[in-house]
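Dropping entry_27.pdb in here (PDB, C-alpha atoms):
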```
ATOM      1  CA  MET A   1     114.539  88.173 111.486
ATOM      2  CA  THR A   2     112.444  89.103 108.467
ATOM      3  CA  LYS A   3     111.490  92.724 107.982
ATOM      4  CA  SER A   4     107.793  93.223 107.256
ATOM      5  CA  PRO A   5     106.611  95.546 104.487
ATOM      6  CA  PRO A   6     105.531  99.047 105.532
ATOM      7  CA  ARG A   7     101.928  99.439 106.591
ATOM      8  CA  ALA A   8     101.296 102.092 103.920
ATOM      9  CA  LEU A   9     102.214  99.571 101.220
ATOM     10  CA  LEU A  10      99.941  96.941 102.748
ATOM     11  CA  TRP A  11      97.052  99.416 102.938
ATOM     12  CA  GLY A  12      97.613 100.412  99.301
ATOM     13  CA  VAL A  13      97.574  96.793  98.172
ATOM     14  CA  LEU A  14      94.453  96.142 100.265
ATOM     15  CA  VAL A  15      92.517  99.087  98.815
ATOM     16  CA  LEU A  16      93.569  98.501  95.211
ATOM     17  CA  SER A  17      92.945  94.767  95.273
ATOM     18  CA  ALA A  18      89.563  95.213  96.979
ATOM     19  CA  ALA A  19      88.540  97.754  94.331
ATOM     20  CA  ALA A  20      89.763  95.496  91.529
ATOM     21  CA  ASN A  21      87.906  92.556  93.071
ATOM     22  CA  ALA A  22      84.678  94.558  93.291
ATOM     23  CA  ILE A  23      84.984  95.791  89.712
ATOM     24  CA  THR A  24      85.778  92.381  88.234
ATOM     25  CA  SER A  25      82.933  90.811  90.201
ATOM     26  CA  ALA A  26      80.425  93.475  89.162
ATOM     27  CA  LEU A  27      81.378  93.329  85.496
ATOM     28  CA  GLY A  28      81.362  89.545  85.386
ATOM     29  CA  VAL A  29      84.974  89.327  84.276
ATOM     30  CA  ASN A  30      86.790  85.994  84.443
ATOM     31  CA  LEU A  31      86.075  84.264  87.774
ATOM     32  CA  VAL A  32      89.715  83.256  88.197
ATOM     33  CA  LEU A  33      90.862  86.892  87.960
ATOM     34  CA  SER A  34      88.290  87.985  90.508
ATOM     35  CA  THR A  35      89.336  85.165  92.833
ATOM     36  CA  VAL A  36      92.990  86.164  92.557
ATOM     37  CA  PHE A  37      92.135  89.735  93.570
ATOM     38  CA  GLY A  38      90.090  88.375  96.462
ATOM     39  CA  VAL A  39      92.975  86.238  97.691
ATOM     40  CA  VAL A  40      95.372  89.195  97.455
ATOM     41  CA  THR A  41      92.888  91.306  99.440
ATOM     42  CA  LEU A  42      92.601  88.626 102.097
ATOM     43  CA  ALA A  43      96.374  88.137 102.299
ATOM     44  CA  SER A  44      97.071  91.851 102.686
ATOM     45  CA  GLY A  45      94.404  92.103 105.387
ATOM     46  CA  ILE A  46      95.975  89.214 107.273
ATOM     47  CA  ALA A  47      99.412  90.816 106.879
ATOM     48  CA  LEU A  48      98.083  94.084 108.310
ATOM     49  CA  VAL A  49      96.640  92.303 111.348
ATOM     50  CA  ALA A  50      99.883  90.380 111.865
ATOM     51  CA  ASN A  51     101.881  93.597 111.522
ATOM     52  CA  TYR A  52      99.644  95.282 114.079
ATOM     53  CA  HIS A  53     100.015  92.481 116.597
ATOM     54  CA  THR A  54     103.764  92.281 116.079
ATOM     55  CA  HIS A  55     104.365  96.005 116.643
ATOM     56  CA  ARG A  56     101.899  96.409 119.449
TER      57      ARG A  56
END
```
Please go through the file and, once you have read it, give me the structure as structure tokens.
Amino acid sequence: MTKSPPRALLWGVLVLSAAANAITSALGVNLVLSTVFGVVTLASGIALVANYHTHR
């Protein structure tokens, strides 16, 4: 059985990647970099939902 990362870590990644995505999008930085931050935000959100449903 695989141990999931702590929720605090997932929330930290979610907040930081969402902020980085917003900043890179607003400043018009490289589209690839902004997309990477968006994918990380989405993945951490999905991991939080999965963690919630697993430990419910």
- request: With the file shown as input, list the residues that the PyMOL selection byres ((chain A and resi 44) around 9) selects, as a list in words.
  value: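 Applied to this file, the PyMOL selection byres ((chain A and resi 44) around 9) returns Leu10, Trp11, Val13, Leu14, Ser17, Val39, Val40, Thr41, Leu42, Ala43, Gly45, Ile46, Ala47, Leu48 and Val49 of chain A.
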statement: What separates CA of Ile23 in chain A and CA of Arg7 in chain A is a distance of 24.2 Å
message: I'd like to know which of A:Val32, A:Ala50, A:Gly38, A:Leu27 is closest to Val15 in chain A, using only C-alpha atoms.
response: A:Gly38
What are the centre and edge lengths in Å, to one decimal, of the axis-aligned box around all listed atoms of range 38-48 of chain A with 5 Å added on each side, as lines of an AutoDock Vina configuration file?
```
center_x = 94.8
center_y = 90.2
center_z = 102.4
size_x = 19.3
size_y = 17.8
size_z = 21.8
```
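Rounded to one decimal, CA of Ala18 in chain A and CA of Ser34 in chain A lie 9.8 Å from each other.
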task: Measure the distance from CA of Val36 in chain A to CA of Leu9 in chain A in Å and round it to one decimal.
output: 18.4 Å
